[in-house]
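Structure first, commentary second.
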Amino acid sequence: MNKITAGILSGLIATSVLSALMVMKGMMGLMPDVDVINMLAQRMGSGPAMGWIAHFMIGVVGYGIGYALIFSSLPLDGHSVRGMALGVAGWLVMMVVLMPMMGASLFGLQMPGGMMAPIATLMLHIIFGLVLGLAYAKLSSK
């Protein structure tokens, strides 16, 4: 399988896992203010369906292809570490650029729960990156 296809499929797998974790978080009532789907939808002036579409496009196209083209070749110890590095990089962009753009302040620290928002989203991004890297390793046969 070529690296772009492997990246896209890996992004789909990782985004599906992340989405399941986000839904479970919501069902448990944990950090209801950290609702990325709603934040994306509101930013686009649309409903939740568009938020989910944007979420999957970011994960599949942005992260998946980005991993295949850039992170898969980094001189780090294996795809799991490379994937987690991409997850942390994505989290930093989210915390420093996207959260303030969406009115949630730098690192989302003004949201209810204080430090819980950045810590929980970091954990989700690390899990996402780990799944992305492991899936890519299996699919690309590298």
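Order determines the names: the first chain of the structure tokens is A, the second B, and so forth; residues in each chain are numbered 1 upward, and ligands are numbered 1 upward as they are shown.
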
Applying 10 Å and only C-alpha atoms, which residues near A:Lys138 remain after dropping the ones on its own chain fewer than 5 positions away? List them as a PyMOL selection string. chain A and resi 6+10+79+133

Selection export as a CSV table (one decimal), in the first residue's frame, atoms kept: N, CA and C atoms:
chain,number,residue,atom,x,y,z
A,6,ALA,N,-2.0,4.6,3.0
A,6,ALA,CA,-1.8,4.1,4.4
A,6,ALA,C,-2.1,5.3,5.4
A,10,SER,N,-5.1,5.2,8.0
A,10,SER,CA,-4.6,5.3,9.4
A,10,SER,C,-5.3,6.5,10.1
A,79,HIS,N,7.0,4.1,14.8
A,79,HIS,CA,5.8,4.8,14.4
A,79,HIS,C,4.9,5.2,15.6
A,133,GLY,N,-0.1,6.1,14.5
A,133,GLY,CA,1.3,5.6,14.2
A,133,GLY,C,1.2,4.0,14.1

Secondary structure check, alpha helix (DSSP H) residues of stretch 5-97 of chain A, as a VMD selection string: chain A and resid 5 to 27 36 to 44 48 to 57 66 to 69 78 to 93

Can you spit out the residues from that selection as a tab-separated table (two decimals), in the first residue's frame, using C-alpha atoms?
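See part.tsv below for the written result:
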chain	number	residue	atom	x	y	z
A	5	THR	CA	-3.32	5.61	1.17
A	6	ALA	CA	-1.83	4.14	4.37
A	7	GLY	CA	-1.91	7.63	5.94
A	8	ILE	CA	-5.53	8.24	4.96
A	9	LEU	CA	-6.68	4.86	6.28
A	10	SER	CA	-4.62	5.30	9.45
A	11	GLY	CA	-6.18	8.73	9.93
A	12	LEU	CA	-9.64	7.20	9.54
A	13	ILE	CA	-8.89	4.49	12.11
A	14	ALA	CA	-7.36	6.95	14.61
A	15	THR	CA	-10.16	9.49	14.13
A	16	SER	CA	-12.76	6.77	14.67
A	17	VAL	CA	-11.09	5.74	17.95
A	18	LEU	CA	-10.83	9.38	19.04
A	19	SER	CA	-14.47	9.97	18.13
A	20	ALA	CA	-15.59	6.98	20.19
A	21	LEU	CA	-13.63	8.32	23.18
A	22	MET	CA	-15.17	11.78	22.69
A	23	VAL	CA	-18.69	10.31	22.58
A	24	MET	CA	-18.00	8.23	25.72
A	25	LYS	CA	-16.63	11.33	27.47
A	26	GLY	CA	-19.81	13.18	26.58
A	27	MET	CA	-22.06	10.33	27.73
A	36	VAL	CA	-14.89	20.09	19.85
A	37	ILE	CA	-17.68	19.06	17.47
A	38	ASN	CA	-19.94	21.84	18.72
A	39	MET	CA	-17.06	24.33	18.67
A	40	LEU	CA	-16.27	23.45	15.03
A	41	ALA	CA	-19.93	23.58	14.03
A	42	GLN	CA	-20.48	26.97	15.66
A	43	ARG	CA	-17.32	28.36	14.05
A	44	MET	CA	-18.67	27.27	10.65
A	48	PRO	CA	-23.30	19.11	14.48
A	49	ALA	CA	-23.20	17.14	11.21
A	50	MET	CA	-20.80	19.69	9.72
A	51	GLY	CA	-18.78	19.64	12.94
A	52	TRP	CA	-18.37	15.87	12.60
A	53	ILE	CA	-17.47	16.17	8.91
A	54	ALA	CA	-14.82	18.80	9.72
A	55	HIS	CA	-13.50	16.65	12.59
A	56	PHE	CA	-13.09	13.65	10.28
A	57	MET	CA	-11.56	15.73	7.49
A	66	GLY	CA	0.57	14.84	7.25
A	67	TYR	CA	1.78	11.76	9.08
A	68	ALA	CA	2.50	9.89	5.84
A	69	LEU	CA	4.42	12.78	4.27
A	78	GLY	CA	9.24	3.90	15.70
A	79	HIS	CA	5.80	4.78	14.41
A	80	SER	CA	4.19	4.78	17.86
A	81	VAL	CA	6.57	7.54	19.06
A	82	ARG	CA	6.22	9.44	15.77
A	83	GLY	CA	2.43	9.24	16.01
A	84	MET	CA	2.43	10.50	19.58
A	85	ALA	CA	4.76	13.34	18.52
A	86	LEU	CA	2.22	14.33	15.85
A	87	GLY	CA	-0.55	14.13	18.46
A	88	VAL	CA	1.34	16.48	20.79
A	89	ALA	CA	2.12	18.87	17.92
A	90	GLY	CA	-1.56	18.91	16.95
A	91	TRP	CA	-2.55	19.49	20.57
A	92	LEU	CA	-0.19	22.48	20.80
A	93	VAL	CA	-1.72	24.00	17.65

Shortest interatomic distance to A:Leu139 - which of A:Met1, A:Ile70, A:Val60, A:Met95, counting only C-alpha atoms: A:Met1

From A:Lys3, A:Asp77, A:Gly47, A:Asp33, residue lying nearest A:Ala135 [only C-alpha atoms]: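 Going through A:Lys3, A:Asp77, A:Gly47, A:Asp33 one by one, the smallest distance to A:Ala135 is for A:Lys3.
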
Separation of atom CA of A:His125 and atom CA of A:Leu74, in Å?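 Straight-line distance from atom CA of A:His125 to atom CA of A:Leu74 works out to 18.5 Å.
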
For atom CA of A:Gly64 and atom CA of A:Met115, quote the distance in Å rounded to one decimal. 28.4 Å
